[in-house]
$ cat my_file_10.pdb   # PDB, C-alpha atoms, pLDDT in the B column
ATOM      1  CA  MET A  30     -38.515  26.529  15.804  1.00 54.00           C
ATOM      2  CA  ALA A  31     -37.102  24.952  12.654  1.00 61.00           C
ATOM      3  CA  ALA A  32     -38.737  21.828  11.246  1.00 67.00           C
ATOM      4  CA  GLU A  33     -37.045  18.527  11.995  1.00 75.00           C
ATOM      5  CA  GLY A  34     -34.076  17.901   9.731  1.00 88.00           C
ATOM      6  CA  THR A  35     -33.765  21.542   8.709  1.00 94.00           C
ATOM      7  CA  VAL A  36     -30.214  22.707   8.070  1.00 96.00           C
ATOM      8  CA  SER A  37     -29.435  26.396   7.909  1.00 96.00           C
ATOM      9  CA  ILE A  38     -26.609  28.835   7.407  1.00 97.00           C
ATOM     10  CA  ARG A  39     -26.406  32.626   7.613  1.00 98.00           C
ATOM     11  CA  ILE A  40     -23.885  34.371   5.396  1.00 98.00           C
ATOM     12  CA  PRO A  41     -23.110  38.058   4.917  1.00 98.00           C
ATOM     13  CA  SER A  42     -24.285  39.545   1.617  1.00 98.00           C
ATOM     14  CA  ASP A  43     -20.709  39.435   0.380  1.00 97.00           C
ATOM     15  CA  PRO A  44     -19.951  37.256  -2.641  1.00 97.00           C
ATOM     16  CA  LYS A  45     -16.782  35.923  -1.048  1.00 96.00           C
ATOM     17  CA  HIS A  46     -18.971  33.782   1.238  1.00 97.00           C
ATOM     18  CA  LEU A  47     -21.083  32.192  -1.507  1.00 97.00           C
ATOM     19  CA  TYR A  48     -18.891  29.090  -1.558  1.00 97.00           C
ATOM     20  CA  LEU A  49     -19.988  28.261   1.998  1.00 97.00           C
ATOM     21  CA  MET A  50     -23.622  28.198   0.883  1.00 97.00           C
ATOM     22  CA  ARG A  51     -22.669  26.006  -2.097  1.00 97.00           C
ATOM     23  CA  ARG A  52     -20.986  23.462   0.182  1.00 97.00           C
ATOM     24  CA  LEU A  53     -24.092  23.260   2.364  1.00 97.00           C
ATOM     25  CA  VAL A  54     -26.438  22.795  -0.596  1.00 98.00           C
ATOM     26  CA  GLN A  55     -24.152  20.166  -2.115  1.00 97.00           C
ATOM     27  CA  GLU A  56     -23.846  18.100   1.041  1.00 97.00           C
ATOM     28  CA  VAL A  57     -27.521  18.300   2.000  1.00 97.00           C
ATOM     29  CA  SER A  58     -28.678  17.447  -1.526  1.00 97.00           C
ATOM     30  CA  LEU A  59     -26.348  14.463  -1.793  1.00 97.00           C
ATOM     31  CA  ALA A  60     -27.506  13.246   1.613  1.00 96.00           C
ATOM     32  CA  HIS A  61     -31.121  13.374   0.409  1.00 96.00           C
ATOM     33  CA  GLY A  62     -30.553  11.078  -2.530  1.00 95.00           C
ATOM     34  CA  PHE A  63     -30.277  13.458  -5.484  1.00 97.00           C
ATOM     35  CA  THR A  64     -28.020  12.412  -8.353  1.00 96.00           C
ATOM     36  CA  GLU A  65     -24.699  14.150  -8.923  1.00 95.00           C
ATOM     37  CA  GLU A  66     -26.107  15.990 -11.937  1.00 94.00           C
ATOM     38  CA  GLU A  67     -29.142  17.133  -9.977  1.00 96.00           C
ATOM     39  CA  VAL A  68     -26.901  18.274  -7.139  1.00 97.00           C
ATOM     40  CA  ARG A  69     -24.651  20.267  -9.495  1.00 96.00           C
ATOM     41  CA  ARG A  70     -27.678  22.062 -10.882  1.00 97.00           C
ATOM     42  CA  MET A  71     -29.245  22.657  -7.466  1.00 98.00           C
ATOM     43  CA  VAL A  72     -25.985  24.214  -6.284  1.00 98.00           C
ATOM     44  CA  LEU A  73     -26.014  26.456  -9.362  1.00 97.00           C
ATOM     45  CA  ALA A  74     -29.632  27.511  -8.831  1.00 97.00           C
ATOM     46  CA  MET A  75     -29.040  28.354  -5.176  1.00 98.00           C
ATOM     47  CA  ASP A  76     -25.868  30.253  -6.053  1.00 97.00           C
ATOM     48  CA  GLU A  77     -27.792  32.309  -8.583  1.00 96.00           C
ATOM     49  CA  ALA A  78     -30.572  32.982  -6.077  1.00 96.00           C
ATOM     50  CA  CYS A  79     -28.082  34.275  -3.501  1.00 97.00           C
ATOM     51  CA  THR A  80     -26.182  36.245  -6.144  1.00 96.00           C
ATOM     52  CA  ASN A  81     -29.439  37.977  -7.089  1.00 94.00           C
ATOM     53  CA  VAL A  82     -30.018  38.837  -3.433  1.00 95.00           C
ATOM     54  CA  ILE A  83     -26.553  40.405  -3.171  1.00 96.00           C
ATOM     55  CA  ARG A  84     -26.879  42.248  -6.470  1.00 93.00           C
ATOM     56  CA  TYR A  85     -30.486  43.447  -6.330  1.00 92.00           C
ATOM     57  CA  ALA A  86     -31.868  43.201  -2.784  1.00 95.00           C
ATOM     58  CA  TYR A  87     -28.727  44.661  -1.202  1.00 96.00           C
ATOM     59  CA  GLY A  88     -27.428  46.556  -4.233  1.00 95.00           C
ATOM     60  CA  GLY A  89     -23.942  45.101  -3.681  1.00 95.00           C
ATOM     61  CA  ASP A  90     -23.760  46.172  -0.031  1.00 97.00           C
ATOM     62  CA  PRO A  91     -21.851  43.401   1.817  1.00 97.00           C
ATOM     63  CA  GLY A  92     -23.335  44.453   5.164  1.00 97.00           C
ATOM     64  CA  GLY A  93     -26.623  42.561   4.870  1.00 97.00           C
ATOM     65  CA  THR A  94     -27.433  38.983   5.767  1.00 98.00           C
ATOM     66  CA  ILE A  95     -28.739  36.024   3.800  1.00 98.00           C
ATOM     67  CA  ASP A  96     -30.330  33.120   5.633  1.00 98.00           C
ATOM     68  CA  ILE A  97     -30.395  29.856   3.727  1.00 98.00           C
ATOM     69  CA  GLU A  98     -32.432  26.930   5.013  1.00 98.00           C
ATOM     70  CA  ALA A  99     -32.859  23.440   3.598  1.00 97.00           C
ATOM     71  CA  HIS A 100     -35.980  21.603   4.753  1.00 97.00           C
ATOM     72  CA  PRO A 101     -36.587  17.958   3.857  1.00 97.00           C
ATOM     73  CA  ILE A 102     -39.986  17.332   2.278  1.00 96.00           C
ATOM     74  CA  GLU A 103     -41.544  14.009   1.424  1.00 93.00           C
ATOM     75  CA  ASP A 104     -40.091  13.758  -2.067  1.00 94.00           C
ATOM     76  CA  GLY A 105     -37.189  16.171  -1.989  1.00 96.00           C
ATOM     77  CA  LEU A 106     -35.926  19.393  -0.504  1.00 98.00           C
ATOM     78  CA  CYS A 107     -37.338  22.862   0.014  1.00 98.00           C
ATOM     79  CA  PHE A 108     -34.739  25.618   0.181  1.00 98.00           C
ATOM     80  CA  THR A 109     -35.519  29.038   1.588  1.00 98.00           C
ATOM     81  CA  VAL A 110     -33.461  32.154   0.933  1.00 98.00           C
ATOM     82  CA  ILE A 111     -34.335  35.043   3.242  1.00 97.00           C
ATOM     83  CA  ASP A 112     -33.013  38.573   2.915  1.00 97.00           C
ATOM     84  CA  GLN A 113     -33.740  41.901   4.585  1.00 96.00           C
ATOM     85  CA  GLY A 114     -33.095  44.034   1.536  1.00 96.00           C
ATOM     86  CA  ARG A 115     -35.149  45.673  -1.200  1.00 93.00           C
ATOM     87  CA  LYS A 116     -38.027  43.661  -2.566  1.00 89.00           C
ATOM     88  CA  PRO A 117     -37.589  42.436  -6.145  1.00 82.00           C
ATOM     89  CA  ASP A 118     -39.415  43.958  -9.062  1.00 76.00           C
ATOM     90  CA  ALA A 119     -40.850  41.904 -11.874  1.00 66.00           C
ATOM     91  CA  ALA A 120     -37.971  42.722 -14.233  1.00 66.00           C
ATOM     92  CA  THR A 121     -35.441  41.260 -11.785  1.00 63.00           C
ATOM     93  CA  ILE A 122     -37.133  37.901 -11.405  1.00 67.00           C
ATOM     94  CA  ALA A 123     -38.245  37.302 -15.000  1.00 66.00           C
ATOM     95  CA  PRO A 124     -35.894  34.964 -16.899  1.00 65.00           C
ATOM     96  CA  ARG A 125     -34.606  36.353 -20.156  1.00 62.00           C
ATOM     97  CA  ALA A 126     -35.002  34.660 -23.509  1.00 61.00           C
ATOM     98  CA  LEU A 127     -32.037  32.576 -24.585  1.00 58.00           C
ATOM     99  CA  ASP A 128     -32.206  33.340 -28.281  1.00 59.00           C
ATOM    100  CA  GLU A 129     -29.859  36.293 -27.862  1.00 59.00           C
ATOM    101  CA  VAL A 130     -26.216  35.654 -26.980  1.00 57.00           C
ATOM    102  CA  ARG A 131     -25.335  38.354 -24.506  1.00 59.00           C
ATOM    103  CA  PRO A 132     -23.790  38.572 -21.052  1.00 58.00           C
ATOM    104  CA  GLY A 133     -26.083  38.803 -18.048  1.00 62.00           C
ATOM    105  CA  GLY A 134     -29.602  37.752 -17.169  1.00 74.00           C
ATOM    106  CA  LEU A 135     -28.964  34.023 -17.085  1.00 88.00           C
ATOM    107  CA  GLY A 136     -29.249  33.512 -13.338  1.00 92.00           C
ATOM    108  CA  THR A 137     -33.030  33.586 -13.116  1.00 90.00           C
ATOM    109  CA  HIS A 138     -33.237  31.335 -16.158  1.00 91.00           C
ATOM    110  CA  PHE A 139     -31.041  28.752 -14.397  1.00 94.00           C
ATOM    111  CA  ILE A 140     -33.195  28.886 -11.267  1.00 95.00           C
ATOM    112  CA  GLN A 141     -36.399  28.344 -13.250  1.00 93.00           C
ATOM    113  CA  MET A 142     -34.898  25.526 -15.304  1.00 94.00           C
ATOM    114  CA  VAL A 143     -33.484  23.597 -12.373  1.00 97.00           C
ATOM    115  CA  MET A 144     -36.066  23.953  -9.618  1.00 97.00           C
ATOM    116  CA  ASP A 145     -39.562  22.471  -9.665  1.00 97.00           C
ATOM    117  CA  GLU A 146     -41.160  25.343  -7.753  1.00 97.00           C
ATOM    118  CA  VAL A 147     -39.995  28.928  -7.308  1.00 96.00           C
ATOM    119  CA  ARG A 148     -42.036  31.196  -5.046  1.00 94.00           C
ATOM    120  CA  TYR A 149     -41.238  34.760  -4.030  1.00 92.00           C
ATOM    121  CA  ASP A 150     -42.913  35.860  -0.811  1.00 91.00           C
ATOM    122  CA  THR A 151     -42.656  39.617  -0.412  1.00 88.00           C
ATOM    123  CA  SER A 152     -45.230  39.797   2.398  1.00 86.00           C
ATOM    124  CA  PRO A 153     -42.664  40.140   5.227  1.00 84.00           C
ATOM    125  CA  GLU A 154     -42.329  43.738   6.390  1.00 86.00           C
ATOM    126  CA  ARG A 155     -38.708  43.731   5.265  1.00 90.00           C
ATOM    127  CA  GLY A 156     -37.032  41.748   2.569  1.00 93.00           C
ATOM    128  CA  THR A 157     -38.072  38.700   0.634  1.00 94.00           C
ATOM    129  CA  ARG A 158     -38.476  35.023   1.352  1.00 96.00           C
ATOM    130  CA  LEU A 159     -37.697  32.900  -1.699  1.00 96.00           C
ATOM    131  CA  CYS A 160     -38.769  29.251  -1.616  1.00 97.00           C
ATOM    132  CA  LEU A 161     -37.191  26.812  -4.050  1.00 98.00           C
ATOM    133  CA  VAL A 162     -38.420  23.235  -4.187  1.00 98.00           C
ATOM    134  CA  LYS A 163     -36.614  20.362  -5.863  1.00 98.00           C
ATOM    135  CA  ARG A 164     -38.233  16.931  -6.020  1.00 97.00           C
ATOM    136  CA  ARG A 165     -36.434  13.654  -6.557  1.00 94.00           C
ATOM    137  CA  LYS A 166     -37.329  12.015  -9.846  1.00 86.00           C
ATOM    138  CA  PRO A 167     -38.113   8.326 -10.031  1.00 78.00           C
ATOM    139  CA  ARG A 168     -34.814   6.966 -11.343  1.00 69.00           C
ATOM    140  CA  ASP A 169     -36.270   5.756 -14.640  1.00 63.00           C
ATOM    141  CA  GLU A 170     -37.588   9.276 -15.358  1.00 55.00           C
ATOM    142  CA  SER A 171     -34.432  11.110 -14.365  1.00 52.00           C
ATOM    143  CA  GLN A 172     -33.499  12.002 -17.929  1.00 52.00           C
ATOM    144  CA  GLY A 173     -35.833  15.019 -17.857  1.00 49.00           C
ATOM    145  CA  LYS A 174     -35.413  18.133 -15.773  1.00 53.00           C
ATOM    146  CA  GLY A 175     -32.034  17.756 -14.096  1.00 50.00           C
TER     147      GLY A 175
ATOM    148  CA  MET B  30     -12.298  30.666  -1.885  1.00 71.00           C
ATOM    149  CA  ASP B  31      -9.520  31.824  -4.170  1.00 82.00           C
ATOM    150  CA  ILE B  32      -9.016  31.606  -7.887  1.00 90.00           C
ATOM    151  CA  HIS B  33      -5.836  31.352  -9.920  1.00 95.00           C
ATOM    152  CA  VAL B  34      -5.453  32.899 -13.342  1.00 95.00           C
ATOM    153  CA  VAL B  35      -2.264  32.443 -15.368  1.00 95.00           C
ATOM    154  CA  MET B  36      -1.627  34.137 -18.704  1.00 94.00           C
ATOM    155  CA  GLU B  37       0.805  32.729 -21.248  1.00 94.00           C
ATOM    156  CA  ARG B  38       1.898  33.437 -24.803  1.00 93.00           C
ATOM    157  CA  THR B  39       2.877  30.428 -26.896  1.00 94.00           C
ATOM    158  CA  GLU B  40       5.790  30.395 -29.356  1.00 92.00           C
ATOM    159  CA  GLU B  41       3.226  30.788 -32.132  1.00 91.00           C
ATOM    160  CA  GLY B  42       1.945  33.959 -30.491  1.00 91.00           C
ATOM    161  CA  HIS B  43      -1.343  32.564 -29.221  1.00 95.00           C
ATOM    162  CA  GLY B  44      -2.641  33.808 -25.893  1.00 96.00           C
ATOM    163  CA  VAL B  45      -3.656  31.306 -23.219  1.00 97.00           C
ATOM    164  CA  LEU B  46      -5.555  32.055 -20.030  1.00 97.00           C
ATOM    165  CA  GLU B  47      -5.537  29.209 -17.545  1.00 98.00           C
ATOM    166  CA  VAL B  48      -8.200  29.459 -14.848  1.00 98.00           C
ATOM    167  CA  ARG B  49      -8.217  27.300 -11.745  1.00 98.00           C
ATOM    168  CA  GLY B  50     -10.756  27.334  -8.932  1.00 97.00           C
ATOM    169  CA  GLU B  51     -14.422  28.300  -8.665  1.00 97.00           C
ATOM    170  CA  VAL B  52     -15.771  31.084 -10.862  1.00 97.00           C
ATOM    171  CA  ASP B  53     -18.626  32.976  -9.210  1.00 96.00           C
ATOM    172  CA  MET B  54     -19.727  36.535  -8.505  1.00 96.00           C
ATOM    173  CA  HIS B  55     -16.720  36.969  -6.225  1.00 96.00           C
ATOM    174  CA  THR B  56     -14.018  35.603  -8.516  1.00 97.00           C
ATOM    175  CA  SER B  57     -15.290  36.301 -12.042  1.00 96.00           C
ATOM    176  CA  PRO B  58     -14.014  39.929 -11.995  1.00 96.00           C
ATOM    177  CA  ARG B  59     -10.451  38.546 -11.788  1.00 96.00           C
ATOM    178  CA  VAL B  60     -11.074  36.283 -14.765  1.00 97.00           C
ATOM    179  CA  ARG B  61     -12.598  39.205 -16.668  1.00 96.00           C
ATOM    180  CA  GLU B  62      -9.646  41.460 -15.899  1.00 96.00           C
ATOM    181  CA  ALA B  63      -7.111  38.861 -17.079  1.00 96.00           C
ATOM    182  CA  GLN B  64      -9.198  38.096 -20.142  1.00 95.00           C
ATOM    183  CA  ILE B  65      -9.278  41.782 -21.118  1.00 94.00           C
ATOM    184  CA  ARG B  66      -5.484  42.028 -20.741  1.00 94.00           C
ATOM    185  CA  LEU B  67      -5.053  38.979 -22.938  1.00 94.00           C
ATOM    186  CA  LEU B  68      -7.497  40.232 -25.575  1.00 92.00           C
ATOM    187  CA  ARG B  69      -5.639  43.550 -25.702  1.00 92.00           C
ATOM    188  CA  SER B  70      -2.284  41.799 -26.047  1.00 91.00           C
ATOM    189  CA  GLY B  71      -2.799  41.421 -29.768  1.00 89.00           C
ATOM    190  CA  ALA B  72      -2.840  37.608 -29.948  1.00 92.00           C
ATOM    191  CA  ALA B  73      -4.746  36.382 -32.985  1.00 93.00           C
ATOM    192  CA  ARG B  74      -6.025  33.367 -31.074  1.00 96.00           C
ATOM    193  CA  ILE B  75      -7.151  33.311 -27.457  1.00 96.00           C
ATOM    194  CA  VAL B  76      -7.536  30.002 -25.606  1.00 97.00           C
ATOM    195  CA  ILE B  77      -9.276  29.916 -22.233  1.00 98.00           C
ATOM    196  CA  ASP B  78      -8.176  26.741 -20.427  1.00 98.00           C
ATOM    197  CA  LEU B  79     -10.982  25.789 -18.019  1.00 98.00           C
ATOM    198  CA  SER B  80      -9.710  22.317 -17.105  1.00 98.00           C
ATOM    199  CA  GLY B  81      -9.052  23.447 -13.535  1.00 97.00           C
ATOM    200  CA  VAL B  82     -12.451  25.076 -13.022  1.00 98.00           C
ATOM    201  CA  ALA B  83     -14.537  23.094 -10.571  1.00 96.00           C
ATOM    202  CA  TYR B  84     -17.529  25.422 -10.663  1.00 97.00           C
ATOM    203  CA  MET B  85     -18.881  28.248 -12.797  1.00 97.00           C
ATOM    204  CA  ASP B  86     -22.016  30.358 -12.425  1.00 97.00           C
ATOM    205  CA  SER B  87     -23.743  32.817 -14.749  1.00 95.00           C
ATOM    206  CA  SER B  88     -21.209  35.555 -13.987  1.00 95.00           C
ATOM    207  CA  GLY B  89     -18.474  33.305 -15.392  1.00 96.00           C
ATOM    208  CA  ILE B  90     -20.578  32.547 -18.450  1.00 95.00           C
ATOM    209  CA  ALA B  91     -21.213  36.289 -18.915  1.00 94.00           C
ATOM    210  CA  THR B  92     -17.466  36.923 -18.743  1.00 95.00           C
ATOM    211  CA  LEU B  93     -16.799  34.374 -21.480  1.00 96.00           C
ATOM    212  CA  ILE B  94     -19.616  35.743 -23.675  1.00 94.00           C
ATOM    213  CA  GLU B  95     -18.026  39.173 -23.351  1.00 94.00           C
ATOM    214  CA  GLY B  96     -14.682  37.744 -24.419  1.00 96.00           C
ATOM    215  CA  LEU B  97     -16.221  35.954 -27.384  1.00 95.00           C
ATOM    216  CA  GLN B  98     -18.035  39.074 -28.558  1.00 94.00           C
ATOM    217  CA  TRP B  99     -14.918  41.221 -28.178  1.00 94.00           C
ATOM    218  CA  ALA B 100     -12.821  38.695 -30.119  1.00 95.00           C
ATOM    219  CA  ARG B 101     -15.395  38.499 -32.922  1.00 94.00           C
ATOM    220  CA  ARG B 102     -15.488  42.282 -33.266  1.00 94.00           C
ATOM    221  CA  GLU B 103     -11.702  42.374 -33.487  1.00 93.00           C
ATOM    222  CA  GLY B 104     -11.444  39.435 -35.865  1.00 93.00           C
ATOM    223  CA  ARG B 105      -9.705  37.143 -33.357  1.00 94.00           C
ATOM    224  CA  GLU B 106     -10.292  33.487 -32.562  1.00 96.00           C
ATOM    225  CA  PHE B 107     -11.698  32.747 -29.109  1.00 97.00           C
ATOM    226  CA  ARG B 108     -11.539  29.114 -28.009  1.00 97.00           C
ATOM    227  CA  LEU B 109     -12.441  27.283 -24.821  1.00 98.00           C
ATOM    228  CA  ALA B 110     -10.619  24.155 -23.668  1.00 98.00           C
ATOM    229  CA  GLY B 111     -10.970  21.452 -21.034  1.00 97.00           C
ATOM    230  CA  LEU B 112     -14.506  21.983 -19.818  1.00 97.00           C
ATOM    231  CA  THR B 113     -15.169  19.910 -16.718  1.00 96.00           C
ATOM    232  CA  PRO B 114     -18.568  18.146 -16.497  1.00 94.00           C
ATOM    233  CA  THR B 115     -19.828  20.847 -14.137  1.00 94.00           C
ATOM    234  CA  VAL B 116     -18.859  23.670 -16.472  1.00 96.00           C
ATOM    235  CA  ARG B 117     -20.148  21.856 -19.560  1.00 95.00           C
ATOM    236  CA  ASP B 118     -23.474  21.364 -17.806  1.00 94.00           C
ATOM    237  CA  VAL B 119     -23.794  25.117 -17.223  1.00 95.00           C
ATOM    238  CA  PHE B 120     -23.081  25.757 -20.908  1.00 94.00           C
ATOM    239  CA  GLU B 121     -25.791  23.273 -21.833  1.00 93.00           C
ATOM    240  CA  LEU B 122     -28.305  24.866 -19.459  1.00 93.00           C
ATOM    241  CA  ALA B 123     -27.522  28.223 -21.077  1.00 91.00           C
ATOM    242  CA  ARG B 124     -27.734  26.616 -24.535  1.00 90.00           C
ATOM    243  CA  LEU B 125     -24.316  28.005 -25.350  1.00 89.00           C
ATOM    244  CA  ALA B 126     -22.427  24.804 -26.110  1.00 85.00           C
ATOM    245  CA  ASP B 127     -22.766  25.463 -29.845  1.00 89.00           C
ATOM    246  CA  VAL B 128     -21.984  29.160 -29.658  1.00 93.00           C
ATOM    247  CA  PHE B 129     -18.373  28.734 -28.536  1.00 96.00           C
ATOM    248  CA  GLU B 130     -15.548  26.797 -30.168  1.00 96.00           C
ATOM    249  CA  ILE B 131     -14.923  24.175 -27.491  1.00 96.00           C
ATOM    250  CA  PHE B 132     -11.932  21.776 -27.467  1.00 97.00           C
ATOM    251  CA  SER B 133     -11.227  18.878 -25.171  1.00 97.00           C
ATOM    252  CA  THR B 134      -7.721  20.060 -24.254  1.00 97.00           C
ATOM    253  CA  ARG B 135      -5.582  23.167 -24.438  1.00 96.00           C
ATOM    254  CA  ASP B 136      -3.257  21.459 -26.939  1.00 96.00           C
ATOM    255  CA  GLU B 137      -6.210  20.684 -29.217  1.00 96.00           C
ATOM    256  CA  ALA B 138      -7.358  24.279 -29.003  1.00 97.00           C
ATOM    257  CA  LEU B 139      -3.893  25.552 -29.913  1.00 95.00           C
ATOM    258  CA  LYS B 140      -3.696  23.389 -33.036  1.00 92.00           C
ATOM    259  CA  ASP B 141      -4.774  24.909 -36.301  1.00 81.00           C
ATOM    260  CA  ALA B 142      -8.194  23.737 -37.357  1.00 64.00           C
TER     261      ALA B 142
END

$ encode --input "my_file_10.pdb" --output "structure tokens"
Amino acid sequence: MAAEGTVSIRIPSDPKHLYLMRRLVQEVSLAHGFTEEEVRRMVLAMDEACTNVIRYAYGGDPGGTIDIEAHPIEDGLCFTVIDQGRKPDAATIAPRALDEVRPGGLGTHFIQMVMDEVRYDTSPERGTRLCLVKRRKPRDESQGKG
Amino acid sequence: MDIHVVMERTEEGHGVLEVRGEVDMHTSPRVREAQIRLLRSGAARIVIDLSGVAYMDSSGIATLIEGLQWARREGREFRLAGLTPTVRDVFELARLADVFEIFSTRDEALKDA
């Protein structure tokens, strides 16, 4: 059973449905007191996480599923992204350096920059469970990590 | 979620690509396709008008980096205009705000520097 206050959505692993996930993340994050800038960045990080699932875990196959859950925690939100596809390798989840201007490889960098905790759990028999935690900043310290 | 891309040529021969909507993994291929057509059209200056873009992810950024690199190789100008706060924020996260020539409006971008 889901924890109290958990909101979830299941989307196919087809990029045309990503906007539905973004709407959920936006509304839940706003409702939990994050600033507009924080919410914009959380939406981006979650979008990149789901895009990586479509691209790497499912190899572009739109026939898989992605479960997205948002659980309230004491000082913020914990998002979970669950897939049934291939498990990630280290090269997929390592952010690239930004000193080279080239297309690609920015998604993982965005996730790491925006979220306070990023944990990949590959212990399920199939797929991966990615946990992303974002904590509310005390308002007078909100100039840091957005 | 749909996206609208409109290509124009100005009287001065500049190429303008106006993008409206949300640019993500689903829609960025359409932006890329239009951008390639515009780059191949021979315009000496390309302006990408992003004032109608409510959201952009790393696939949109990658598309614009591709355009910039192509334009540089071919000796063309590649300018961005009208970045919304959301899009500007993504550029800042990617530390790309200084890599592109960015103008507040399309008209500013079309003016000679």

$ closest_atom_pairs --input "my_file_10.pdb" --of "region 33-152 of chain A" --to "region 53-69 of chain B" --cutoff "9 Å" --atoms "all atoms listed in the file" --output "CSV"
residue,atom,partner,partner_atom,distance
A:Asp43,CA,B:His55,CA,8.1
A:Pro44,CA,B:His55,CA,4.8
A:Lys45,CA,B:His55,CA,5.3
A:His46,CA,B:His55,CA,8.4
A:Leu47,CA,B:His55,CA,8.0
A:Tyr48,CA,B:Asp53,CA,8.6
A:Asp76,CA,B:Asp53,CA,8.4
A:Thr80,CA,B:Met54,CA,6.9

$ closest_atom_pairs --input "my_file_10.pdb" --of "chain B" --to "chain A" --cutoff "12 Å" --atoms "all atoms listed in the file" --output "CSV"
residue,atom,partner,partner_atom,distance
B:Met30,CA,A:Tyr48,CA,6.8
B:Asp31,CA,A:Lys45,CA,8.9
B:Ile32,CA,A:Lys45,CA,11.2
B:Gly50,CA,A:Tyr48,CA,11.1
B:Glu51,CA,A:Tyr48,CA,8.4
B:Val52,CA,A:Tyr48,CA,10.0
B:Asp53,CA,A:Pro44,CA,8.0
B:Met54,CA,A:Pro44,CA,5.9
B:His55,CA,A:Pro44,CA,4.8
B:Thr56,CA,A:Lys45,CA,8.0
B:Ser57,CA,A:Pro44,CA,10.5
B:Pro58,CA,A:Pro44,CA,11.4
B:Ala83,CA,A:Arg69,CA,10.6
B:Tyr84,CA,A:Leu73,CA,8.6
B:Met85,CA,A:Leu73,CA,8.1
B:Asp86,CA,A:Leu73,CA,6.4
B:Ser87,CA,A:Gly136,CA,5.7
B:Ser88,CA,A:Gly133,CA,7.1
B:Gly89,CA,A:Pro132,CA,9.4
B:Ile90,CA,A:Pro132,CA,7.3
B:Ala91,CA,A:Pro132,CA,4.1
B:Thr92,CA,A:Pro132,CA,6.9
B:Leu93,CA,A:Pro132,CA,8.2
B:Ile94,CA,A:Pro132,CA,5.7
B:Glu95,CA,A:Pro132,CA,6.2
B:Gly96,CA,A:Pro132,CA,9.7
B:Leu97,CA,A:Arg131,CA,9.9
B:Gln98,CA,A:Arg131,CA,8.4
B:Trp99,CA,A:Arg131,CA,11.4
B:Thr113,CA,A:Arg69,CA,11.9
B:Pro114,CA,A:Glu66,CA,9.1
B:Thr115,CA,A:Arg69,CA,6.7
B:Val116,CA,A:Arg69,CA,9.7
B:Arg117,CA,A:Arg69,CA,11.1
B:Asp118,CA,A:Arg70,CA,8.1
B:Val119,CA,A:Arg70,CA,8.0
B:Phe120,CA,A:Phe139,CA,10.7
B:Glu121,CA,A:Phe139,CA,10.6
B:Leu122,CA,A:Phe139,CA,6.9
B:Ala123,CA,A:Leu127,CA,7.2
B:Arg124,CA,A:Leu127,CA,7.4
B:Leu125,CA,A:Val130,CA,8.0
B:Ala126,CA,A:Val130,CA,11.5
B:Asp127,CA,A:Val130,CA,11.1
B:Val128,CA,A:Val130,CA,8.2
B:Phe129,CA,A:Val130,CA,10.6

$ atom_distance --input "my_file_10.pdb" --atom1 "CA of Ile111 (chain A)" --atom2 "CA of Leu161 (chain A)"
11.4 Å

$ atom_distance --input "my_file_10.pdb" --atom1 "CA of Ile40 (chain A)" --atom2 "CA of Ile95 (chain A)"
5.4 Å

$ closest_residue --input "my_file_10.pdb" --among "B:Arg135, B:Arg49, B:Lys140, B:Arg74" --to "Phe107 (chain B)" --atoms "all atoms listed in the file"
B:Arg74

$ atom_distance --input "my_file_10.pdb" --atom1 "CA of His100 (chain A)" --atom2 "CA of Val36 (chain A)"
6.7 Å

$ build_atoms --input "my_file_10.pdb" --residues "region 117-126 of chain B" --atoms "N, CA and C atoms" --output "short mmCIF file (atom, residue, chain, number, x, y, z; two decimals), in the coordinates of the input"
data_model
loop_
_atom_site.label_atom_id
_atom_site.label_comp_id
_atom_site.auth_asym_id
_atom_site.auth_seq_id
_atom_site.Cartn_x
_atom_site.Cartn_y
_atom_site.Cartn_z
N ARG B 117 -19.42 22.21 -18.33
CA ARG B 117 -20.15 21.86 -19.56
C ARG B 117 -21.66 21.87 -19.32
N ASP B 118 -22.05 21.40 -18.15
CA ASP B 118 -23.47 21.36 -17.81
C ASP B 118 -24.07 22.78 -17.78
N VAL B 119 -23.31 23.73 -17.27
CA VAL B 119 -23.79 25.12 -17.22
C VAL B 119 -23.94 25.67 -18.64
N PHE B 120 -22.99 25.34 -19.51
CA PHE B 120 -23.08 25.76 -20.91
C PHE B 120 -24.33 25.17 -21.56
N GLU B 121 -24.61 23.91 -21.23
CA GLU B 121 -25.79 23.27 -21.83
C GLU B 121 -27.08 23.90 -21.31
N LEU B 122 -27.12 24.20 -20.01
CA LEU B 122 -28.30 24.87 -19.46
C LEU B 122 -28.53 26.23 -20.13
N ALA B 123 -27.43 26.90 -20.44
CA ALA B 123 -27.52 28.22 -21.08
C ALA B 123 -27.66 28.11 -22.59
N ARG B 124 -27.65 26.89 -23.09
CA ARG B 124 -27.73 26.62 -24.54
C ARG B 124 -26.64 27.35 -25.30
N LEU B 125 -25.44 27.30 -24.74
CA LEU B 125 -24.32 28.00 -25.35
C LEU B 125 -23.24 27.06 -25.88
N ALA B 126 -23.47 25.76 -25.73
CA ALA B 126 -22.43 24.80 -26.11
C ALA B 126 -22.08 24.91 -27.59
#
